[in-house]
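Colleague: To start, I am sharing the structure in question, which I have written as structure tokens.
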Amino acid sequence: MKVDTTVRMGSLELRTPLLTGSGTFGYGDEFHTLVDYRALGGIVTKSISAHPRPGNPPPRICETPGGGIINSIGLANIGVDGFIADKVSALPIGETRVFISVVGDAVEEYVTVVEKLEQVDWVDGYELNLSCPNVKQGGLDIGGDWRAVAAIVREVRAATGRFLAVKLTPHQPRIAPVVEAAAGEGAEALTLTNTLVGMAVDVERRRPLLGAVTGGYSGPPLKPVALAMVWQAAQAVDVPIWASGGIVTGLDGVEFLLAGASGLQLGSVFFADTKAPGRILQEMCDYCERHGITRLADLTGKLEPL
Amino acid sequence: MSPVAEMGIVEEQIEISEGVVELTVRAPEIAGLSRAGQFVHVRVSTGFDPFLRRPMSVGPCGDGRLKLIFAIRGRGTRLLAGKLPGNTVDMIGPLGRGFDHPEEGVIPLLVAGGIGVVPLLLLNEQLPVGLERDFLLGVRSRTVLTVTDSEIERRHISVATDDGSLGYRGDVVQLLARRLDELDGRKVNIYGCGPGPMLTFLKRLCQERSIPAQVSLEVPMGCGVGACQSCAVLKADRKGYLLVCQDGPVFDIDAVDLSPEALP
């Protein structure tokens, strides 16, 4: 049995539901000889800002027991002008869809970055990062406030007709108002979730393990949190949901699809297994074959009541 | 050069000294491509805990095999140390920028601290046969040597120990200073790898005597290929960062900040 892996997201069709999670896949070419792009429906680049950002002081990554990691990159990137000038040849244009993650300190910066990217023809869409835990602005302050989310999505929506996704923070007392605000202003996909704020300590040296003390917690331990948010968001809105949080196996992906996701972002897993896209896609197809399902997309939202 | 993913097969596992392990791994592709100073990104778990790969300098290699030599420092390296002949090792490599060989007439001085000897063992092999060189190794004590006694003899490695239990009593940078005095102004290039304090002293000595040096750095790392930007080190001018996985792990000593604050 051949399983159909294509998924439809509004105006776009993706070859598979698998995407890369912003920040873990660089500008798109770093894993070039190691990753099978055919297994990906698209890549989401690291977040691009209006101007270059140097990033946070090191150390920028550490591990926690149970398979977690915490990162504190601080949105280091070359800025939108450098990105457009230097990274076109790097991007897997034509091999898979290319979504640009956009970040800013304020509404104007998001719009500036998108307007500049509107001038090039190789962008399939944007993912607004409204949830980075590692910078003072452009992060949690915005992502947890539905009015701020609405304002940014509205302004960016006015600047582009391209596909527009919005990445949200897990630090929300209630998810519904925020996802409703984003969807109401024209977001075509909602990415849930960004990392959780986390911290780890070297007890022998009595020091934090990260230069910025706190960072973004990700990896398999994040999955239950992300799963709950995906499910809650799917109850609240009809727009496609891109799940992100600890997906390392095909069955993780199936869980998220059943909870209501349409897209699945692979992030931290690339640090452990660069062959993850092909492997995870195969594991999901194996699941479908076992259950007599012919289209991966048919799993979305098919969670049965207890 | 493009890195490859390769499943190596362990052929031998030996303990060089207390807590220092050498794995001989059959991995023809990576072994054939590696330049001294480059590293492999090694998966230590068959699952996802610990999650991250461990960057390890490529040790001596040839004949389709490479040596991974490491100190057991935590859960990841302990798992790796438990690999037995026949077990597999999932590696990506070779990664990063290696050492540049010295120009003609310049004497390479290899200066290692502890487990930092590993990339220099490969450099020592890859330097032209018969080229005059010096190979210095500093360790705390002879009980924690990072190379075997027979290698020390065969490779003519001069050892410094903090406690004087073998060779020169003192640190390896002091030993280097003495050697430089003996060389009396002849042109040299220094190749260094070792713990933070050693690199701090090494940079100071190189600056005082205006000697060019390349050093290999080790920091916590994520992807290993430049995507995640986790392995940043401060530039010498403290304006921005370089990535160990992509811009290094070998840097010109003047390019990076090696002060104690920068090497926590």
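Chain labels run A, B, ... following the order of the structure tokens; each chain numbers its residues from 1, and ligands are numbered from 1 in the order shown.
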Should the cut-off be 9 Å, what would the residue list for chain A against chain B look like, counting only C-alpha atoms, as a ChimeraX atom specification?

Modeller: /A:23-34,46,53-69,71-73,76,219-220,248,268-274

Colleague: Skip B:Gln126 itself and residues of its chain fewer than 5 positions away, then list as a list of chain:residue names all residues within 10 Å of it, counting only C-alpha atoms.

Modeller: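 After dropping sequence-adjacent residues, the list is B:Arg35, B:Ala36, B:Pro60, B:Cys61, B:His101, B:Leu120, B:Leu121.
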
Colleague: Those residues you just picked out, can you put them in a file as an mmCIF file, in the first residue's frame with C-alpha atoms?

Modeller:
```cif
data_model
loop_
_atom_site.group_PDB
_atom_site.id
_atom_site.type_symbol
_atom_site.label_atom_id
_atom_site.label_comp_id
_atom_site.auth_asym_id
_atom_site.auth_seq_id
_atom_site.Cartn_x
_atom_site.Cartn_y
_atom_site.Cartn_z
ATOM 1 C CA ARG B 35 42.673 16.382 8.277
ATOM 2 C CA ALA B 36 44.341 16.933 11.629
ATOM 3 C CA PRO B 60 45.397 8.986 14.531
ATOM 4 C CA CYS B 61 43.806 7.494 11.427
ATOM 5 C CA HIS B 101 50.797 22.903 7.947
ATOM 6 C CA LEU B 120 48.025 16.728 17.653
ATOM 7 C CA LEU B 121 48.643 12.986 17.426
#
```

Colleague: Running DSSP on the backbone, which parts of stretch 116-223 of chain A land in strand (DSSP E), as a ChimeraX atom specification?

Modeller: /A:125-129,163-168,189-192,196-199,201-202,207-208,214-218

Colleague: Atoms to include: C-alpha atoms. Write the selected residues as a short mmCIF file (atom, residue, chain, number, x, y, z; two decimals), in the first residue's frame.

Modeller:
```cif
data_model
loop_
_atom_site.label_atom_id
_atom_site.label_comp_id
_atom_site.auth_asym_id
_atom_site.auth_seq_id
_atom_site.Cartn_x
_atom_site.Cartn_y
_atom_site.Cartn_z
CA GLY A 125 5.90 32.08 2.97
CA TYR A 126 6.75 33.40 6.41
CA GLU A 127 6.61 32.22 9.98
CA LEU A 128 6.45 35.09 12.45
CA ASN A 129 8.43 34.28 15.57
CA PHE A 163 1.56 32.14 3.13
CA LEU A 164 1.76 33.35 6.71
CA ALA A 165 2.34 31.23 9.79
CA VAL A 166 2.70 32.45 13.37
CA LYS A 167 4.83 30.71 15.99
CA LEU A 168 3.54 31.01 19.53
CA ALA A 189 -0.98 28.36 10.09
CA LEU A 190 -0.17 28.43 13.80
CA THR A 191 3.04 26.88 15.07
CA LEU A 192 2.77 25.43 18.55
CA LEU A 196 9.71 26.57 27.30
CA VAL A 197 11.90 28.83 29.41
CA GLY A 198 14.34 26.61 31.28
CA MET A 199 17.54 26.66 33.27
CA VAL A 201 22.96 24.60 37.09
CA ASP A 202 26.44 23.13 37.43
CA ARG A 207 27.26 28.34 38.10
CA PRO A 208 24.51 28.39 35.49
CA THR A 214 17.99 30.87 31.18
CA GLY A 215 17.21 29.50 27.75
CA GLY A 216 14.68 27.59 25.69
CA TYR A 217 13.96 24.02 26.79
CA SER A 218 13.31 21.55 23.99
#
```

Colleague: Find the spatial neighbours of stretch 166-173 of chain B, counting only C-alpha atoms, within a cut-off of 7 Å - ignore same-chain residues fewer than 2 positions away - and output them as a list in words.

Modeller: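 Surrounding residues, per the criterion: Leu136, Leu137, Gly138, Arg142, Val159, Ala160, Thr161, Asp162, Asp163, Gly164, Leu175, Leu176, Ala177, Phe201 and Leu202 of chain B.
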
Colleague: Could you please write out, as JSON, numbers by chain, every residue of stretch 60-205 of chain B that DSSP assigns to helix (DSSP H, G or I)?

Modeller: {"B": [75, 76, 77, 78, 79, 80, 81, 114, 115, 116, 117, 118, 119, 120, 121, 122, 123, 124, 125, 126, 142, 143, 144, 149, 150, 151, 152, 153, 154, 172, 173, 174, 175, 176, 177, 178, 179, 180, 181, 182, 183, 196, 197, 198, 199, 200, 201, 202, 203, 204, 205]}

Colleague: Show me, as a list in words, the residues that have an atom within 9 Å of A:Val114 when counting only C-alpha atoms, minus same-chain residues fewer than 3 positions from it.

Modeller: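 Those residues are Val80, Val102, Glu109, Tyr110, Val111, Leu117, Glu118, Gln119, Tyr126, Val156, Ala159 and Thr160 of chain A.
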
Colleague: Keeping all heavy atoms for every residue in the selection just given, could you write it to a file as an mmCIF file, in the first residue's frame?

Modeller:
```cif
data_model
loop_
_atom_site.group_PDB
_atom_site.id
_atom_site.type_symbol
_atom_site.label_atom_id
_atom_site.label_comp_id
_atom_site.auth_asym_id
_atom_site.auth_seq_id
_atom_site.Cartn_x
_atom_site.Cartn_y
_atom_site.Cartn_z
ATOM 1 N N VAL A 80 18.363 40.778 7.475
ATOM 2 C CA VAL A 80 17.631 40.462 6.234
ATOM 3 C C VAL A 80 18.432 40.822 4.989
ATOM 4 O O VAL A 80 18.400 40.080 3.998
ATOM 5 C CB VAL A 80 16.228 41.128 6.231
ATOM 6 C CG1 VAL A 80 16.308 42.661 6.200
ATOM 7 C CG2 VAL A 80 15.390 40.610 5.067
ATOM 8 N N VAL A 102 10.626 35.151 10.718
ATOM 9 C CA VAL A 102 10.862 36.589 10.846
ATOM 10 C C VAL A 102 10.715 36.989 12.313
ATOM 11 O O VAL A 102 9.778 36.548 13.002
ATOM 12 C CB VAL A 102 9.832 37.371 9.994
ATOM 13 C CG1 VAL A 102 10.000 38.879 10.186
ATOM 14 C CG2 VAL A 102 9.969 37.001 8.521
ATOM 15 N N GLU A 109 9.505 46.302 12.810
ATOM 16 C CA GLU A 109 10.622 45.479 12.342
ATOM 17 C C GLU A 109 10.120 44.248 11.588
ATOM 18 O O GLU A 109 10.685 43.873 10.559
ATOM 19 C CB GLU A 109 11.524 45.065 13.517
ATOM 20 C CG GLU A 109 12.783 44.350 13.028
ATOM 21 C CD GLU A 109 13.815 44.053 14.116
ATOM 22 O OE1 GLU A 109 13.592 44.441 15.286
ATOM 23 O OE2 GLU A 109 14.839 43.430 13.785
ATOM 24 N N TYR A 110 9.055 43.634 12.076
ATOM 25 C CA TYR A 110 8.480 42.490 11.357
ATOM 26 C C TYR A 110 8.091 42.911 9.941
ATOM 27 O O TYR A 110 8.372 42.222 8.965
ATOM 28 C CB TYR A 110 7.242 41.947 12.093
ATOM 29 C CG TYR A 110 7.555 41.171 13.346
ATOM 30 C CD1 TYR A 110 7.622 41.798 14.594
ATOM 31 C CD2 TYR A 110 7.766 39.799 13.302
ATOM 32 C CE1 TYR A 110 7.898 41.094 15.748
ATOM 33 C CE2 TYR A 110 8.040 39.077 14.458
ATOM 34 C CZ TYR A 110 8.108 39.729 15.682
ATOM 35 O OH TYR A 110 8.387 39.020 16.822
ATOM 36 N N VAL A 111 7.455 44.069 9.850
ATOM 37 C CA VAL A 111 6.982 44.545 8.542
ATOM 38 C C VAL A 111 8.170 44.854 7.631
ATOM 39 O O VAL A 111 8.183 44.484 6.459
ATOM 40 C CB VAL A 111 6.069 45.779 8.716
ATOM 41 C CG1 VAL A 111 5.701 46.366 7.350
ATOM 42 C CG2 VAL A 111 4.816 45.400 9.491
ATOM 43 N N LEU A 117 11.764 40.979 1.984
ATOM 44 C CA LEU A 117 11.704 39.625 1.412
ATOM 45 C C LEU A 117 10.656 39.520 0.306
ATOM 46 O O LEU A 117 10.725 38.628 -0.545
ATOM 47 C CB LEU A 117 11.432 38.594 2.517
ATOM 48 C CG LEU A 117 12.620 38.352 3.456
ATOM 49 C CD1 LEU A 117 12.174 37.670 4.743
ATOM 50 C CD2 LEU A 117 13.696 37.507 2.766
ATOM 51 N N GLU A 118 9.707 40.449 0.317
ATOM 52 C CA GLU A 118 8.712 40.475 -0.759
ATOM 53 C C GLU A 118 9.363 40.775 -2.106
ATOM 54 O O GLU A 118 8.796 40.495 -3.153
ATOM 55 C CB GLU A 118 7.640 41.538 -0.461
ATOM 56 C CG GLU A 118 6.643 41.121 0.608
ATOM 57 C CD GLU A 118 5.738 39.991 0.158
ATOM 58 O OE1 GLU A 118 4.892 40.205 -0.718
ATOM 59 O OE2 GLU A 118 5.900 38.867 0.680
ATOM 60 N N GLN A 119 10.569 41.355 -2.074
ATOM 61 C CA GLN A 119 11.245 41.727 -3.316
ATOM 62 C C GLN A 119 11.911 40.536 -4.011
ATOM 63 O O GLN A 119 12.366 40.668 -5.133
ATOM 64 C CB GLN A 119 12.315 42.803 -3.038
ATOM 65 C CG GLN A 119 11.826 44.020 -2.281
ATOM 66 C CD GLN A 119 10.651 44.711 -2.960
ATOM 67 O OE1 GLN A 119 10.694 44.972 -4.153
ATOM 68 N NE2 GLN A 119 9.590 44.965 -2.209
ATOM 69 N N TYR A 126 6.065 32.904 5.205
ATOM 70 C CA TYR A 126 6.752 33.400 6.407
ATOM 71 C C TYR A 126 6.208 32.705 7.650
ATOM 72 O O TYR A 126 5.060 32.272 7.688
ATOM 73 C CB TYR A 126 6.527 34.911 6.566
ATOM 74 C CG TYR A 126 6.904 35.697 5.342
ATOM 75 C CD1 TYR A 126 5.926 36.134 4.444
ATOM 76 C CD2 TYR A 126 8.237 35.985 5.059
ATOM 77 C CE1 TYR A 126 6.274 36.844 3.303
ATOM 78 C CE2 TYR A 126 8.593 36.698 3.925
ATOM 79 C CZ TYR A 126 7.609 37.125 3.047
ATOM 80 O OH TYR A 126 7.959 37.812 1.925
ATOM 81 N N VAL A 156 1.557 42.653 9.199
ATOM 82 C CA VAL A 156 2.318 41.834 8.251
ATOM 83 C C VAL A 156 1.388 41.308 7.156
ATOM 84 O O VAL A 156 1.765 41.268 5.974
ATOM 85 C CB VAL A 156 3.032 40.667 8.970
ATOM 86 C CG1 VAL A 156 3.666 39.714 7.960
ATOM 87 C CG2 VAL A 156 4.094 41.198 9.930
ATOM 88 N N ALA A 159 1.115 43.479 4.413
ATOM 89 C CA ALA A 159 2.336 43.672 3.623
ATOM 90 C C ALA A 159 2.618 42.510 2.674
ATOM 91 O O ALA A 159 3.506 42.589 1.830
ATOM 92 C CB ALA A 159 3.537 43.873 4.553
ATOM 93 N N THR A 160 1.903 41.409 2.815
ATOM 94 C CA THR A 160 2.202 40.247 1.971
ATOM 95 C C THR A 160 0.953 39.429 1.662
ATOM 96 O O THR A 160 0.057 39.291 2.511
ATOM 97 C CB THR A 160 3.250 39.312 2.629
ATOM 98 O OG1 THR A 160 3.478 38.200 1.754
ATOM 99 C CG2 THR A 160 2.799 38.799 3.978
#
```

Colleague: What does the structure give for the distance between atom CA of B:Asp237 and atom CA of B:Lys203, in Å to one decimal?

Modeller: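 It comes out at 14.3 Å.
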
Colleague: Rank A:Leu209, A:Leu227, A:Ala39, A:Met9 by their smallest atom-to-atom distance to A:Cys285, using only C-alpha atoms, and report the top residue only.

Modeller: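 Answer, going by the shortest atom-to-atom distance: A:Ala39.
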
Colleague: Write out as a VMD selection string each polymer residue whose atoms come within 9 Å of A:Glu13, counting only C-alpha atoms; drop sequence neighbours fewer than 6 positions from it.

Modeller: chain A and resid 6 to 7 41

Colleague: Please write the residues from the selection above to a file, keeping C-alpha atoms, as a tab-separated table (two decimals), in the first residue's frame.

Modeller:
```
chain	number	residue	atom	x	y	z
A	6	THR	CA	0.89	15.28	0.69
A	7	VAL	CA	-0.86	17.83	2.83
A	41	GLY	CA	7.44	19.49	2.93
```

Colleague: At a cut-off of 10 Å, using only C-alpha atoms, what residues contact B:Ala71? Leave out same-chain residues fewer than 4 positions from it and give the result as JSON, numbers by chain.

Modeller: {"B": [15, 16, 17, 18, 19, 20, 21, 22, 77, 78, 81, 114, 115, 144, 146]}

Colleague: What is the distance between atom CA of A:Gly211 and atom CA of B:Gly116, in Å to one decimal?

Modeller: 23.9 Å

Colleague: Would you mind listing what lies within 8 Å of B:Thr24 as a list in words, with only C-alpha atoms counted and same-chain residues fewer than 2 positions away left out?

Modeller: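 Contacts, with the query itself left out: Val10, Glu11, Glu12, Gln13, Glu22, Arg26, Arg65, Leu66, Lys67 and Leu68 of chain B.
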
Colleague: For the selection just defined, write its residues with N, CA, C and O atoms to a file, as an mmCIF file, in the first residue's frame.

Modeller:
```
data_model
loop_
_atom_site.group_PDB
_atom_site.id
_atom_site.type_symbol
_atom_site.label_atom_id
_atom_site.label_comp_id
_atom_site.auth_asym_id
_atom_site.auth_seq_id
_atom_site.Cartn_x
_atom_site.Cartn_y
_atom_site.Cartn_z
ATOM 1 N N VAL B 10 33.432 -0.553 15.962
ATOM 2 C CA VAL B 10 34.530 -0.587 16.932
ATOM 3 C C VAL B 10 35.339 -1.863 16.729
ATOM 4 O O VAL B 10 34.780 -2.954 16.638
ATOM 5 N N GLU B 11 36.655 -1.684 16.623
ATOM 6 C CA GLU B 11 37.514 -2.871 16.489
ATOM 7 C C GLU B 11 38.293 -3.141 17.765
ATOM 8 O O GLU B 11 38.676 -4.277 18.026
ATOM 9 N N GLU B 12 38.558 -2.072 18.524
ATOM 10 C CA GLU B 12 39.328 -2.280 19.756
ATOM 11 C C GLU B 12 38.965 -1.204 20.754
ATOM 12 O O GLU B 12 38.684 -0.066 20.381
ATOM 13 N N GLN B 13 38.918 -1.578 22.020
ATOM 14 C CA GLN B 13 38.673 -0.606 23.080
ATOM 15 C C GLN B 13 39.730 -0.815 24.138
ATOM 16 O O GLN B 13 39.849 -1.918 24.669
ATOM 17 N N GLU B 22 40.537 4.708 24.552
ATOM 18 C CA GLU B 22 40.818 4.808 23.122
ATOM 19 C C GLU B 22 39.989 3.761 22.385
ATOM 20 O O GLU B 22 40.090 2.567 22.657
ATOM 21 N N ARG B 26 36.533 1.334 12.772
ATOM 22 C CA ARG B 26 36.627 1.195 11.315
ATOM 23 C C ARG B 26 35.578 2.102 10.687
ATOM 24 O O ARG B 26 34.378 1.937 10.906
ATOM 25 N N ARG B 65 40.694 3.270 9.341
ATOM 26 C CA ARG B 65 40.331 3.323 10.767
ATOM 27 C C ARG B 65 40.692 4.672 11.361
ATOM 28 O O ARG B 65 41.614 5.328 10.885
ATOM 29 N N LEU B 66 39.968 5.060 12.400
ATOM 30 C CA LEU B 66 40.356 6.252 13.144
ATOM 31 C C LEU B 66 40.256 5.954 14.629
ATOM 32 O O LEU B 66 39.523 5.054 15.053
ATOM 33 N N LYS B 67 41.022 6.723 15.389
ATOM 34 C CA LYS B 67 40.988 6.536 16.845
ATOM 35 C C LYS B 67 40.222 7.683 17.493
ATOM 36 O O LYS B 67 40.462 8.848 17.188
ATOM 37 N N LEU B 68 39.281 7.305 18.358
ATOM 38 C CA LEU B 68 38.601 8.265 19.222
ATOM 39 C C LEU B 68 39.219 8.088 20.595
ATOM 40 O O LEU B 68 39.163 7.001 21.167
#
```

Colleague: For a test of reading the model, state the distance in Å between atom CA of A:Ser22 and atom CA of A:Gly79, rounded to one decimal.

Modeller: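 Interatomic distance, atom CA of A:Ser22 to atom CA of A:Gly79: 15.1 Å.
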